[in-house]
file start.cif (mmCIF, C-alpha atoms)
data_model
#
loop_
_atom_site.label_atom_id
_atom_site.label_comp_id
_atom_site.auth_asym_id
_atom_site.auth_seq_id
_atom_site.Cartn_x
_atom_site.Cartn_y
_atom_site.Cartn_z
CA MET A 23 -27.87 5.22 29.97
CA GLN A 24 -28.02 2.18 32.20
CA GLN A 25 -25.07 1.53 34.51
CA ARG A 26 -23.67 -1.87 35.41
CA PRO A 27 -21.08 -3.09 37.91
CA LEU A 28 -17.68 -3.82 36.41
CA GLY A 29 -17.34 -7.46 37.27
CA ARG A 30 -17.53 -8.19 40.96
CA THR A 31 -16.60 -4.66 42.05
CA GLY A 32 -18.34 -1.59 43.41
CA LEU A 33 -17.40 0.37 40.28
CA SER A 34 -20.29 1.12 37.93
CA VAL A 35 -19.84 1.77 34.20
CA SER A 36 -22.26 2.68 31.43
CA ARG A 37 -23.26 -0.40 29.48
CA LEU A 38 -22.07 1.35 26.32
CA GLY A 39 -18.52 2.67 26.46
CA LEU A 40 -16.85 5.25 24.22
CA GLY A 41 -13.82 3.98 22.30
CA THR A 42 -11.25 6.50 21.08
CA MET A 43 -8.98 4.45 18.82
CA THR A 44 -9.53 6.81 15.87
CA TRP A 45 -9.07 10.02 17.87
CA GLY A 46 -6.07 12.03 16.75
CA ARG A 47 -5.88 10.11 13.47
CA ASP A 48 -9.26 9.87 11.69
CA THR A 49 -11.23 11.91 14.23
CA ASP A 50 -10.07 15.49 14.73
CA GLN A 51 -10.41 17.67 17.80
CA HIS A 52 -13.75 19.18 16.75
CA GLU A 53 -15.43 15.85 16.05
CA ALA A 54 -13.94 14.32 19.20
CA ARG A 55 -15.23 17.22 21.30
CA ASP A 56 -18.72 16.83 19.88
CA ALA A 57 -18.64 13.05 20.34
CA LEU A 58 -17.60 13.35 23.97
CA ARG A 59 -20.42 15.81 24.63
CA VAL A 60 -22.95 13.54 22.95
CA PHE A 61 -21.74 10.59 25.00
CA LEU A 62 -21.81 12.46 28.31
CA ASP A 63 -25.21 13.98 27.58
CA ALA A 64 -26.54 10.46 26.99
CA GLY A 65 -25.33 9.39 30.44
CA GLY A 66 -22.25 7.52 29.25
CA THR A 67 -19.37 7.16 31.70
CA LEU A 68 -16.89 4.55 30.37
CA VAL A 69 -14.22 6.12 28.12
CA ASP A 70 -11.57 3.81 26.70
CA THR A 71 -8.19 4.54 25.12
CA ALA A 72 -4.67 3.05 24.90
CA ASP A 73 -1.13 4.32 24.77
CA ILE A 74 -0.67 3.14 21.16
CA TYR A 75 -3.84 4.62 19.67
CA ALA A 76 -2.73 7.11 17.01
CA ASP A 77 0.80 6.88 18.45
CA GLY A 78 -0.34 8.49 21.69
CA ASP A 79 -2.40 11.24 20.06
CA SER A 80 -5.65 9.62 21.20
CA GLU A 81 -4.59 10.05 24.82
CA ARG A 82 -3.36 13.59 24.17
CA LEU A 83 -6.63 14.63 22.55
CA LEU A 84 -8.74 12.92 25.19
CA GLY A 85 -6.69 14.56 27.93
CA ALA A 86 -7.17 17.99 26.39
CA LEU A 87 -10.93 17.47 26.18
CA ILE A 88 -11.13 16.19 29.76
CA ALA A 89 -9.42 19.37 30.90
CA GLU A 90 -11.59 21.55 28.67
CA THR A 91 -14.91 20.01 29.73
CA GLY A 92 -14.00 19.34 33.37
CA CYS A 93 -15.53 15.86 33.11
CA ARG A 94 -12.81 13.88 34.91
CA ASP A 95 -14.98 13.05 37.90
CA ASP A 96 -17.88 12.06 35.65
CA ILE A 97 -16.10 9.36 33.64
CA VAL A 98 -14.48 6.00 34.19
CA LEU A 99 -11.19 6.40 32.34
CA THR A 100 -9.36 3.35 31.01
CA THR A 101 -6.11 2.93 29.13
CA LYS A 102 -3.74 0.12 28.23
CA ALA A 103 -0.03 -0.71 27.95
CA GLY A 104 2.11 -3.55 26.67
CA VAL A 105 1.93 -3.33 22.87
CA ARG A 106 4.72 -1.68 20.83
CA PRO A 107 3.88 -1.77 17.10
CA GLY A 108 6.81 -1.70 14.70
CA ARG A 109 9.35 -2.70 17.36
CA PRO A 110 11.46 -5.87 17.25
CA ARG A 111 9.54 -6.86 20.37
CA PRO A 112 5.91 -5.96 19.59
CA TYR A 113 4.55 -7.11 22.96
CA ASP A 114 6.35 -5.96 26.08
CA ALA A 115 4.80 -6.49 29.49
CA SER A 116 8.05 -6.20 31.40
CA ARG A 117 7.97 -4.21 34.61
CA VAL A 118 10.19 -1.48 33.22
CA HIS A 119 8.14 -0.95 30.07
CA LEU A 120 4.73 -1.12 31.77
CA LEU A 121 5.55 1.45 34.44
CA ARG A 122 7.24 3.78 31.95
CA ALA A 123 4.22 3.46 29.67
CA LEU A 124 1.83 4.23 32.53
CA ASP A 125 3.70 7.40 33.44
CA ALA A 126 3.68 8.47 29.80
CA SER A 127 -0.07 7.80 29.53
CA LEU A 128 -0.81 9.86 32.63
CA ALA A 129 1.24 12.74 31.23
CA ARG A 130 -0.57 12.65 27.87
CA LEU A 131 -3.96 12.41 29.58
CA GLY A 132 -3.11 15.16 32.04
CA VAL A 133 -4.40 13.18 35.03
CA ASP A 134 -2.84 11.74 38.15
CA HIS A 135 -4.57 8.36 37.85
CA VAL A 136 -6.65 6.17 35.56
CA ASP A 137 -9.62 4.22 36.83
CA VAL A 138 -8.86 1.00 34.95
CA TRP A 139 -5.43 0.06 33.56
CA MET A 140 -5.12 -2.94 31.27
CA LEU A 141 -2.31 -5.20 30.16
CA HIS A 142 -3.00 -4.90 26.44
CA ARG A 143 -1.68 -8.25 25.26
CA TYR A 144 -0.15 -11.37 26.80
CA ASP A 145 3.65 -11.28 26.52
CA VAL A 146 5.23 -14.74 26.31
CA ALA A 147 8.71 -13.27 26.90
CA THR A 148 7.90 -11.88 30.36
CA PRO A 149 6.95 -14.01 33.38
CA LEU A 150 3.31 -13.27 34.17
CA ALA A 151 4.21 -12.70 37.82
CA GLU A 152 6.52 -9.86 36.78
CA SER A 153 3.81 -8.15 34.74
CA LEU A 154 1.32 -8.49 37.56
CA ALA A 155 3.83 -7.15 40.09
CA ALA A 156 4.03 -4.00 37.96
CA VAL A 157 0.25 -3.76 38.13
CA ASP A 158 0.39 -4.11 41.91
CA ALA A 159 2.97 -1.32 42.10
CA ALA A 160 0.79 0.93 39.93
CA VAL A 161 -2.27 0.36 42.10
CA ALA A 162 -0.33 0.75 45.36
CA SER A 163 1.06 4.07 44.15
CA GLY A 164 -2.41 5.46 43.48
CA ARG A 165 -1.81 5.86 39.75
CA VAL A 166 -4.31 3.10 38.99
CA ARG A 167 -7.58 2.26 40.72
CA TYR A 168 -8.45 -1.12 39.12
CA ALA A 169 -6.46 -3.68 37.14
CA ALA A 170 -7.59 -5.48 34.00
CA VAL A 171 -6.31 -7.34 30.95
CA SER A 172 -7.10 -7.28 27.25
CA ASN A 173 -6.85 -9.94 24.53
CA TYR A 174 -5.80 -12.66 26.99
CA PRO A 175 -6.64 -16.31 26.22
CA GLY A 176 -8.86 -18.01 28.75
CA TRP A 177 -6.13 -20.03 30.44
CA CYS A 178 -4.00 -16.93 30.90
CA LEU A 179 -6.89 -14.86 32.20
CA ALA A 180 -7.64 -17.55 34.78
CA ARG A 181 -4.00 -17.85 35.77
CA ALA A 182 -3.58 -14.09 36.18
CA ALA A 183 -6.79 -13.72 38.17
CA THR A 184 -6.06 -16.60 40.54
CA TRP A 185 -2.44 -15.45 41.01
CA GLN A 186 -3.70 -12.07 42.13
CA THR A 187 -5.92 -13.65 44.78
CA ALA A 188 -3.18 -15.95 46.10
CA ALA A 189 -1.60 -13.40 48.46
CA PRO A 190 -2.87 -10.36 50.35
CA GLY A 191 -2.16 -6.97 48.84
CA ARG A 192 -2.27 -7.99 45.20
CA ALA A 193 -4.61 -6.03 42.91
CA PRO A 194 -7.44 -8.23 41.63
CA ILE A 195 -8.13 -8.52 37.92
CA VAL A 196 -11.61 -7.03 37.57
CA ALA A 197 -12.16 -6.92 33.81
CA ALA A 198 -11.09 -8.40 30.49
CA GLN A 199 -11.48 -6.44 27.26
CA MET A 200 -12.00 -8.82 24.35
CA GLU A 201 -13.25 -8.70 20.79
CA TYR A 202 -16.84 -9.93 20.87
CA SER A 203 -19.62 -9.67 18.32
CA LEU A 204 -21.99 -11.78 16.27
CA LEU A 205 -19.06 -12.27 13.87
CA GLU A 206 -16.51 -13.15 16.58
CA ARG A 207 -17.80 -15.39 19.35
CA GLY A 208 -14.59 -17.31 19.99
CA ILE A 209 -14.31 -16.07 23.57
CA GLU A 210 -17.39 -18.10 24.47
CA ARG A 211 -15.26 -21.26 24.34
CA ASP A 212 -13.06 -20.42 27.32
CA VAL A 213 -12.78 -16.71 28.18
CA VAL A 214 -16.46 -16.21 29.00
CA PRO A 215 -16.77 -19.18 31.37
CA ALA A 216 -13.48 -18.27 33.05
CA ALA A 217 -14.59 -14.66 33.53
CA GLN A 218 -17.97 -15.66 34.92
CA GLU A 219 -16.43 -18.15 37.34
CA LEU A 220 -13.93 -15.55 38.59
CA GLY A 221 -16.29 -12.57 38.72
CA ILE A 222 -14.48 -10.68 35.95
CA GLY A 223 -16.45 -8.21 33.84
CA LEU A 224 -16.21 -8.44 30.07
CA LEU A 225 -15.69 -5.31 27.99
CA ALA A 226 -16.57 -6.10 24.38
CA TRP A 227 -14.48 -4.32 21.76
CA SER A 228 -15.57 -4.11 18.13
CA PRO A 229 -19.14 -5.21 18.98
CA LEU A 230 -20.20 -4.20 15.45
CA GLY A 231 -17.77 -6.61 13.82
CA ARG A 232 -15.39 -3.82 12.75
CA GLY A 233 -18.33 -2.06 11.15
CA VAL A 234 -19.43 -5.00 9.01
CA LEU A 235 -22.57 -5.62 11.10
CA THR A 236 -23.91 -2.20 10.16
CA GLY A 237 -24.68 -3.75 6.77
CA LYS A 238 -22.87 -1.02 4.86
CA TYR A 239 -20.56 -3.48 3.08
CA ARG A 240 -23.32 -5.71 1.66
CA HIS A 241 -23.17 -4.08 -1.77
CA GLY A 242 -19.63 -2.74 -1.88
CA THR A 243 -17.14 -0.71 0.13
CA PRO A 244 -18.18 2.90 0.86
CA ALA A 245 -15.41 5.37 0.10
CA ASP A 246 -15.58 6.91 3.59
CA SER A 247 -15.60 3.60 5.47
CA ARG A 248 -12.90 1.78 7.41
CA GLY A 249 -12.88 -0.81 4.66
CA ALA A 250 -11.52 1.86 2.31
CA ASN A 251 -8.99 3.17 4.83
CA SER A 252 -5.42 2.04 4.12
CA THR A 253 -4.74 1.61 7.84
CA LEU A 254 -7.89 -0.35 8.72
CA ARG A 255 -9.00 -2.17 5.56
CA GLY A 256 -7.16 -5.37 6.47
CA ALA A 257 -9.03 -5.70 9.76
CA VAL A 258 -12.37 -5.16 8.04
CA ALA A 259 -11.63 -7.63 5.24
CA THR A 260 -11.49 -10.43 7.83
CA TYR A 261 -15.28 -10.30 8.06
CA LEU A 262 -16.11 -9.68 4.41
CA THR A 263 -16.31 -13.37 3.57
CA ALA A 264 -19.04 -15.74 2.50
CA ASP A 265 -18.95 -17.41 5.92
CA HIS A 266 -19.94 -14.14 7.59
CA ARG A 267 -22.47 -12.96 5.01
CA GLY A 268 -25.28 -15.07 6.42
CA VAL A 269 -24.88 -13.50 9.85
CA VAL A 270 -24.96 -9.98 8.41
CA ASP A 271 -28.06 -10.84 6.37
CA ALA A 272 -29.78 -12.18 9.49
CA VAL A 273 -29.00 -9.00 11.40
CA CYS A 274 -30.40 -6.86 8.57
CA THR A 275 -33.54 -9.00 8.38
CA ALA A 276 -34.09 -8.62 12.12
CA ALA A 277 -33.52 -4.87 11.86
CA ASP A 278 -36.11 -4.59 9.09
CA GLY A 279 -38.65 -6.44 11.21
CA LEU A 280 -38.02 -4.21 14.22
CA ALA A 281 -37.82 -0.99 12.16
CA VAL A 282 -34.38 -0.16 13.54
CA ALA A 283 -30.87 0.04 12.12
CA PRO A 284 -28.80 -3.18 11.82
CA LEU A 285 -26.14 -1.72 14.13
CA GLU A 286 -28.75 -1.39 16.89
CA VAL A 287 -29.59 -5.09 16.64
CA ALA A 288 -25.95 -6.18 16.60
CA LEU A 289 -25.01 -3.93 19.50
CA ALA A 290 -27.99 -4.87 21.66
CA TRP A 291 -27.16 -8.55 21.14
CA VAL A 292 -23.58 -8.33 22.44
CA ARG A 293 -24.36 -5.74 25.12
CA ASP A 294 -26.73 -8.17 26.82
CA ARG A 295 -24.67 -11.35 26.54
CA PRO A 296 -23.91 -13.10 29.83
CA GLY A 297 -20.97 -11.56 31.68
CA VAL A 298 -20.72 -8.41 29.56
CA SER A 299 -20.36 -5.25 31.64
CA ALA A 300 -20.13 -2.91 28.64
CA ALA A 301 -19.74 -2.82 24.89
CA ILE A 302 -17.10 -0.37 23.64
CA VAL A 303 -18.27 1.57 20.59
CA GLY A 304 -16.18 3.76 18.34
CA ALA A 305 -17.33 6.38 15.86
CA ARG A 306 -15.41 8.75 13.62
CA THR A 307 -18.04 11.46 13.98
CA ALA A 308 -20.56 12.67 16.53
CA ALA A 309 -23.35 11.97 14.04
CA GLN A 310 -22.30 8.32 13.83
CA LEU A 311 -22.18 8.11 17.61
CA ARG A 312 -25.72 9.47 17.92
CA GLY A 313 -26.93 6.67 15.70
CA ILE A 314 -25.03 4.07 17.69
CA LEU A 315 -26.42 5.29 21.00
CA LEU A 316 -29.96 4.64 19.80
CA ALA A 317 -29.25 1.00 20.65
CA GLU A 318 -29.48 1.92 24.33
CA ASP A 319 -33.27 1.79 24.06
CA LEU A 320 -33.47 -1.52 22.18
CA GLU A 321 -34.20 -4.79 23.95
CA LEU A 322 -34.20 -7.70 21.53
CA PRO A 323 -37.21 -10.01 21.56
CA THR A 324 -36.37 -13.52 22.72
CA GLU A 325 -37.22 -15.03 19.33
CA ILE A 326 -34.86 -12.72 17.46
CA ARG A 327 -32.07 -13.20 19.98
CA SER A 328 -32.41 -16.98 19.66
CA ALA A 329 -32.34 -16.80 15.87
CA LEU A 330 -29.17 -14.68 15.94
CA ASP A 331 -27.63 -17.08 18.46
CA ASP A 332 -28.27 -19.97 16.10
CA VAL A 333 -27.03 -18.37 12.87
CA SER A 334 -23.79 -17.13 14.47
CA ALA A 335 -23.03 -20.03 16.82
CA PRO A 336 -19.30 -20.79 16.99
CA ALA A 337 -17.99 -24.31 16.58
CA VAL A 338 -17.40 -25.90 19.99
CA GLY A 339 -15.84 -29.26 20.67
CA TYR A 340 -13.68 -31.12 23.10
CA PRO A 341 -12.65 -30.02 25.70
CA GLU A 342 -14.79 -26.87 25.74
CA ASP A 343 -17.98 -28.88 25.60
CA CYS A 344 -17.10 -30.57 28.90
CA TRP A 345 -18.48 -27.62 30.86
CA THR A 346 -21.72 -27.33 28.82
CA ASP A 347 -24.78 -29.53 28.73
CA SER A 348 -23.43 -31.36 25.71
CA PRO A 349 -23.15 -35.16 25.88
CA ALA A 350 -20.19 -36.44 27.84
CA PRO A 351 -17.05 -37.06 25.78
CA ARG A 352 -16.25 -40.63 24.88
#

call {"tool": "encode", "arguments": {"input": "start.cif", "output": "structure tokens"}}
result
Amino acid sequence: MQQRPLGRTGLSVSRLGLGTMTWGRDTDQHEARDALRVFLDAGGTLVDTADIYADGDSERLLGALIAETGCRDDIVLTTKAGVRPGRPRPYDASRVHLLRALDASLARLGVDHVDVWMLHRYDVATPLAESLAAVDAAVASGRVRYAAVSNYPGWCLARAATWQTAAPGRAPIVAAQMEYSLLERGIERDVVPAAQELGIGLLAWSPLGRGVLTGKYRHGTPADSRGANSTLRGAVATYLTADHRGVVDAVCTAADGLAVAPLEVALAWVRDRPGVSAAIVGARTAAQLRGILLAEDLELPTEIRSALDDVSAPAVGYPEDCWTDSPAPR
């Protein structure tokens, strides 16, 4: 699997990353073990989790498999903190919570450090400088190698990144993990240009549009799919609309012409978008992951890429169009 630099750093990551959101909930230890082996055998290195995935069981399971396989030095391990589902305060990026959460993540993972630690969500109740000071403390202590953010709006990403470069000793923001697919291109309005200007690598989560871009929902909802899962069906339903159907049809048409699976087309498209360091893929089973990894060998023809660009283009207007080649605003 090809490796790419993570933003403007010396750290290389596989251009397809392994997401573990379902581990410990919908993916049991046996399937997770097989999936990790498949991923490592394919040359994958980037493994992504978070403290809230399966209420911490994702980290526990991943930690057990890291110990079992002895792969710690072969992977780039990422986790996140700052989201607290079901609490009166669902987003908490205070210094006390972040550092407690990091210690808890390290204990569940059974490691003394993570390679990339992300602030999972912007917290309006905590001064950004406080959150970033916690990141600096984590890096200075050796518990974290690189700092990143996830689900940050463009203005906040730019503010965080420039704050971290304003004084010596602060840990730079090297990556931003954002939802990005042919069905969700909103980050192109401000996050992508901010990241490219600041040398921040993009990690695309849900590059298959929460599974919708596989084409499996075109004629109904499979019983074993996320769309039929009580926990995940709401997220999938977002993309099961008439507005998105044309994009899915275009992906399936392109896949037919190339004699590949629709997921390979959708994944290759986002993987090779400007600024993307890696696309994070999740699979409930090792068999699903094998199919997903076939996209590693697919390079989309220019004509197909352009057609997909056109059919999925997001609406852009003032002031986003001021940095493009669009006509000057009146």

call {"tool": "residues_around", "arguments": {"input": "start.cif", "residues": "segment 265-272 of chain A", "least_positions_apart": "6", "cutoff": "7 Å", "atoms": "only C-alpha atoms", "output": "PDB file with C-alpha atoms, keeping the file's coordinate frame"}}
result
ATOM      1  CA  LEU A 205     -19.060 -12.270  13.870  1.00  0.00           C
ATOM      2  CA  LEU A 235     -22.570  -5.620  11.100  1.00  0.00           C
ATOM      3  CA  GLY A 237     -24.680  -3.750   6.770  1.00  0.00           C
ATOM      4  CA  LEU A 330     -29.170 -14.680  15.940  1.00  0.00           C
ATOM      5  CA  VAL A 333     -27.030 -18.370  12.870  1.00  0.00           C
ATOM      6  CA  SER A 334     -23.790 -17.130  14.470  1.00  0.00           C
TER       7      SER A 334
END

call {"tool": "closest_residue", "arguments": {"input": "start.cif", "among": "A:Ser153, A:Val196, A:Tyr144, A:Gly65", "to": "His119 of chain A", "atoms": "only C-alpha atoms"}}
result
A:Ser153

call {"tool": "closest_residue", "arguments": {"input": "start.cif", "among": "A:Ala155, A:Asp56, A:Val214, A:Pro107", "to": "Arg312 of chain A", "atoms": "only C-alpha atoms"}}
result
A:Asp56

call {"tool": "resolve_selection", "arguments": {"input": "start.cif", "expression": "the PyMOL selection byres ((chain A and resi 276-278) around 10)", "output": "list of chain:residue names"}}
result
A:Val270, A:Asp271, A:Ala272, A:Val273, A:Cys274, A:Thr275, A:Gly279, A:Leu280, A:Ala281, A:Val282, A:Ala283, A:Pro284, A:Leu285, A:Glu286, A:Val287, A:Ala288, A:Leu322, A:Ile326, A:Arg327, A:Ala329, A:Leu330

call {"tool": "atom_distance", "arguments": {"input": "start.cif", "atom1": "atom CA of Gln199 of chain A", "atom2": "atom CA of Ala115 of chain A"}}
result
16.4 Å

call {"tool": "resolve_selection", "arguments": {"input": "start.cif", "expression": "the PyMOL selection byres ((chain A and resi 118) around 12)", "output": "list in words"}}
result
Ala103, Gly104, Asp114, Ala115, Ser116, Arg117, His119, Leu120, Leu121, Arg122, Ala123, Leu124, Asp125, Thr148, Glu152, Ser153, Ala155, Ala156, Val157, Ala159 and Ala160 of chain A

call {"tool": "write_last_selection", "arguments": {"input": "start.cif", "atoms": "C-alpha atoms", "output": "PDB file, keeping the file's coordinate frame"}}
result
ATOM      1  CA  ALA A 103      -0.030  -0.710  27.950  1.00  0.00           C
ATOM      2  CA  GLY A 104       2.110  -3.550  26.670  1.00  0.00           C
ATOM      3  CA  ASP A 114       6.350  -5.960  26.080  1.00  0.00           C
ATOM      4  CA  ALA A 115       4.800  -6.490  29.490  1.00  0.00           C
ATOM      5  CA  SER A 116       8.050  -6.200  31.400  1.00  0.00           C
ATOM      6  CA  ARG A 117       7.970  -4.210  34.610  1.00  0.00           C
ATOM      7  CA  HIS A 119       8.140  -0.950  30.070  1.00  0.00           C
ATOM      8  CA  LEU A 120       4.730  -1.120  31.770  1.00  0.00           C
ATOM      9  CA  LEU A 121       5.550   1.450  34.440  1.00  0.00           C
ATOM     10  CA  ARG A 122       7.240   3.780  31.950  1.00  0.00           C
ATOM     11  CA  ALA A 123       4.220   3.460  29.670  1.00  0.00           C
ATOM     12  CA  LEU A 124       1.830   4.230  32.530  1.00  0.00           C
ATOM     13  CA  ASP A 125       3.700   7.400  33.440  1.00  0.00           C
ATOM     14  CA  THR A 148       7.900 -11.880  30.360  1.00  0.00           C
ATOM     15  CA  GLU A 152       6.520  -9.860  36.780  1.00  0.00           C
ATOM     16  CA  SER A 153       3.810  -8.150  34.740  1.00  0.00           C
ATOM     17  CA  ALA A 155       3.830  -7.150  40.090  1.00  0.00           C
ATOM     18  CA  ALA A 156       4.030  -4.000  37.960  1.00  0.00           C
ATOM     19  CA  VAL A 157       0.250  -3.760  38.130  1.00  0.00           C
ATOM     20  CA  ALA A 159       2.970  -1.320  42.100  1.00  0.00           C
ATOM     21  CA  ALA A 160       0.790   0.930  39.930  1.00  0.00           C
TER      22      ALA A 160
END

call {"tool": "closest_residue", "arguments": {"input": "start.cif", "among": "A:Val69, A:Leu58, A:Ala290, A:Val234", "to": "Glu90 of chain A", "atoms": "all atoms listed in the file"}}
result
A:Leu58

call {"tool": "closest_residue", "arguments": {"input": "start.cif", "among": "A:Val303, A:Gln24, A:Gly29, A:Asp134", "to": "Glu219 of chain A", "atoms": "all atoms listed in the file"}}
result
A:Gly29

call {"tool": "residues_around", "arguments": {"input": "start.cif", "residues": "segment 172-176 of chain A", "least_positions_apart": "2", "cutoff": "10 Å", "atoms": "only C-alpha atoms", "output": "number ranges by chain"}}
result
A: 102-104, 139-145, 170, 178-182, 197-201, 209-217, 224-227

call {"tool": "write_last_selection", "arguments": {"input": "start.cif", "atoms": "C-alpha atoms", "output": "JSON list (two decimals), in the frame of the given file"}}
result
[["chain", "number", "residue", "atom", "x", "y", "z"],
["A", 102, "LYS", "CA", -3.74, 0.12, 28.23],
["A", 103, "ALA", "CA", -0.03, -0.71, 27.95],
["A", 104, "GLY", "CA", 2.11, -3.55, 26.67],
["A", 139, "TRP", "CA", -5.43, 0.06, 33.56],
["A", 140, "MET", "CA", -5.12, -2.94, 31.27],
["A", 141, "LEU", "CA", -2.31, -5.20, 30.16],
["A", 142, "HIS", "CA", -3.00, -4.90, 26.44],
["A", 143, "ARG", "CA", -1.68, -8.25, 25.26],
["A", 144, "TYR", "CA", -0.15, -11.37, 26.80],
["A", 145, "ASP", "CA", 3.65, -11.28, 26.52],
["A", 170, "ALA", "CA", -7.59, -5.48, 34.00],
["A", 178, "CYS", "CA", -4.00, -16.93, 30.90],
["A", 179, "LEU", "CA", -6.89, -14.86, 32.20],
["A", 180, "ALA", "CA", -7.64, -17.55, 34.78],
["A", 181, "ARG", "CA", -4.00, -17.85, 35.77],
["A", 182, "ALA", "CA", -3.58, -14.09, 36.18],
["A", 197, "ALA", "CA", -12.16, -6.92, 33.81],
["A", 198, "ALA", "CA", -11.09, -8.40, 30.49],
["A", 199, "GLN", "CA", -11.48, -6.44, 27.26],
["A", 200, "MET", "CA", -12.00, -8.82, 24.35],
["A", 201, "GLU", "CA", -13.25, -8.70, 20.79],
["A", 209, "ILE", "CA", -14.31, -16.07, 23.57],
["A", 210, "GLU", "CA", -17.39, -18.10, 24.47],
["A", 211, "ARG", "CA", -15.26, -21.26, 24.34],
["A", 212, "ASP", "CA", -13.06, -20.42, 27.32],
["A", 213, "VAL", "CA", -12.78, -16.71, 28.18],
["A", 214, "VAL", "CA", -16.46, -16.21, 29.00],
["A", 215, "PRO", "CA", -16.77, -19.18, 31.37],
["A", 216, "ALA", "CA", -13.48, -18.27, 33.05],
["A", 217, "ALA", "CA", -14.59, -14.66, 33.53],
["A", 224, "LEU", "CA", -16.21, -8.44, 30.07],
["A", 225, "LEU", "CA", -15.69, -5.31, 27.99],
["A", 226, "ALA", "CA", -16.57, -6.10, 24.38],
["A", 227, "TRP", "CA", -14.48, -4.32, 21.76]]

call {"tool": "atom_distance", "arguments": {"input": "start.cif", "atom1": "atom CA of Arg47 of chain A", "atom2": "atom CA of Arg82 of chain A"}}
result
11.5 Å

call {"tool": "atom_distance", "arguments": {"input": "start.cif", "atom1": "atom CA of Gly256 of chain A", "atom2": "atom CA of Ser228 of chain A"}}
result
14.4 Å

call {"tool": "closest_residue", "arguments": {"input": "start.cif", "among": "A:Pro296, A:Pro110, A:Pro229, A:Gly132", "to": "Gly41 of chain A", "atoms": "all atoms listed in the file"}}
result
A:Pro229

call {"tool": "resolve_selection", "arguments": {"input": "start.cif", "expression": "the PyMOL selection byres ((chain A and resi 87) around 12)", "output": "PyMOL selection string"}}
result
chain A and resi 45-46+50-59+69+80-86+88-94+130-133

call {"tool": "closest_residue", "arguments": {"input": "start.cif", "among": "A:Thr42, A:Ser34, A:Thr263, A:Thr71", "to": "Thr307 of chain A", "atoms": "only C-alpha atoms"}}
result
A:Thr42

call {"tool": "build_atoms", "arguments": {"input": "start.cif", "residues": "segment 59-69 of chain A", "atoms": "N, CA, C and O atoms", "output": "PDB file, in the coordinates of the input"}}
result
ATOM      1  N   ARG A  59     -19.230  15.133  24.093  1.00  0.00           N
ATOM      2  CA  ARG A  59     -20.420  15.810  24.630  1.00  0.00           C
ATOM      3  C   ARG A  59     -21.671  14.967  24.421  1.00  0.00           C
ATOM      4  O   ARG A  59     -22.525  14.851  25.315  1.00  0.00           O
ATOM      5  N   VAL A  60     -21.806  14.397  23.224  1.00  0.00           N
ATOM      6  CA  VAL A  60     -22.950  13.540  22.950  1.00  0.00           C
ATOM      7  C   VAL A  60     -22.981  12.364  23.914  1.00  0.00           C
ATOM      8  O   VAL A  60     -24.036  12.008  24.461  1.00  0.00           O
ATOM      9  N   PHE A  61     -21.832  11.760  24.126  1.00  0.00           N
ATOM     10  CA  PHE A  61     -21.740  10.590  25.000  1.00  0.00           C
ATOM     11  C   PHE A  61     -22.085  10.957  26.436  1.00  0.00           C
ATOM     12  O   PHE A  61     -22.876  10.257  27.095  1.00  0.00           O
ATOM     13  N   LEU A  62     -21.533  12.039  26.942  1.00  0.00           N
ATOM     14  CA  LEU A  62     -21.810  12.460  28.310  1.00  0.00           C
ATOM     15  C   LEU A  62     -23.266  12.866  28.487  1.00  0.00           C
ATOM     16  O   LEU A  62     -23.897  12.542  29.500  1.00  0.00           O
ATOM     17  N   ASP A  63     -23.806  13.557  27.501  1.00  0.00           N
ATOM     18  CA  ASP A  63     -25.210  13.980  27.580  1.00  0.00           C
ATOM     19  C   ASP A  63     -26.155  12.780  27.609  1.00  0.00           C
ATOM     20  O   ASP A  63     -27.250  12.854  28.180  1.00  0.00           O
ATOM     21  N   ALA A  64     -25.722  11.669  26.997  1.00  0.00           N
ATOM     22  CA  ALA A  64     -26.540  10.460  26.990  1.00  0.00           C
ATOM     23  C   ALA A  64     -26.394   9.657  28.278  1.00  0.00           C
ATOM     24  O   ALA A  64     -27.067   8.633  28.445  1.00  0.00           O
ATOM     25  N   GLY A  65     -25.541  10.112  29.186  1.00  0.00           N
ATOM     26  CA  GLY A  65     -25.330   9.390  30.440  1.00  0.00           C
ATOM     27  C   GLY A  65     -24.202   8.399  30.399  1.00  0.00           C
ATOM     28  O   GLY A  65     -24.043   7.586  31.315  1.00  0.00           O
ATOM     29  N   GLY A  66     -23.386   8.435  29.339  1.00  0.00           N
ATOM     30  CA  GLY A  66     -22.250   7.520  29.250  1.00  0.00           C
ATOM     31  C   GLY A  66     -21.151   7.899  30.221  1.00  0.00           C
ATOM     32  O   GLY A  66     -20.933   9.093  30.486  1.00  0.00           O
ATOM     33  N   THR A  67     -20.448   6.910  30.745  1.00  0.00           N
ATOM     34  CA  THR A  67     -19.370   7.160  31.700  1.00  0.00           C
ATOM     35  C   THR A  67     -18.059   6.493  31.314  1.00  0.00           C
ATOM     36  O   THR A  67     -16.985   7.014  31.603  1.00  0.00           O
ATOM     37  N   LEU A  68     -18.102   5.328  30.652  1.00  0.00           N
ATOM     38  CA  LEU A  68     -16.890   4.550  30.370  1.00  0.00           C
ATOM     39  C   LEU A  68     -16.211   5.070  29.110  1.00  0.00           C
ATOM     40  O   LEU A  68     -16.778   5.015  28.011  1.00  0.00           O
ATOM     41  N   VAL A  69     -14.982   5.586  29.254  1.00  0.00           N
ATOM     42  CA  VAL A  69     -14.220   6.120  28.120  1.00  0.00           C
ATOM     43  C   VAL A  69     -12.913   5.352  28.030  1.00  0.00           C
ATOM     44  O   VAL A  69     -12.131   5.309  28.991  1.00  0.00           O
TER      45      VAL A  69
END
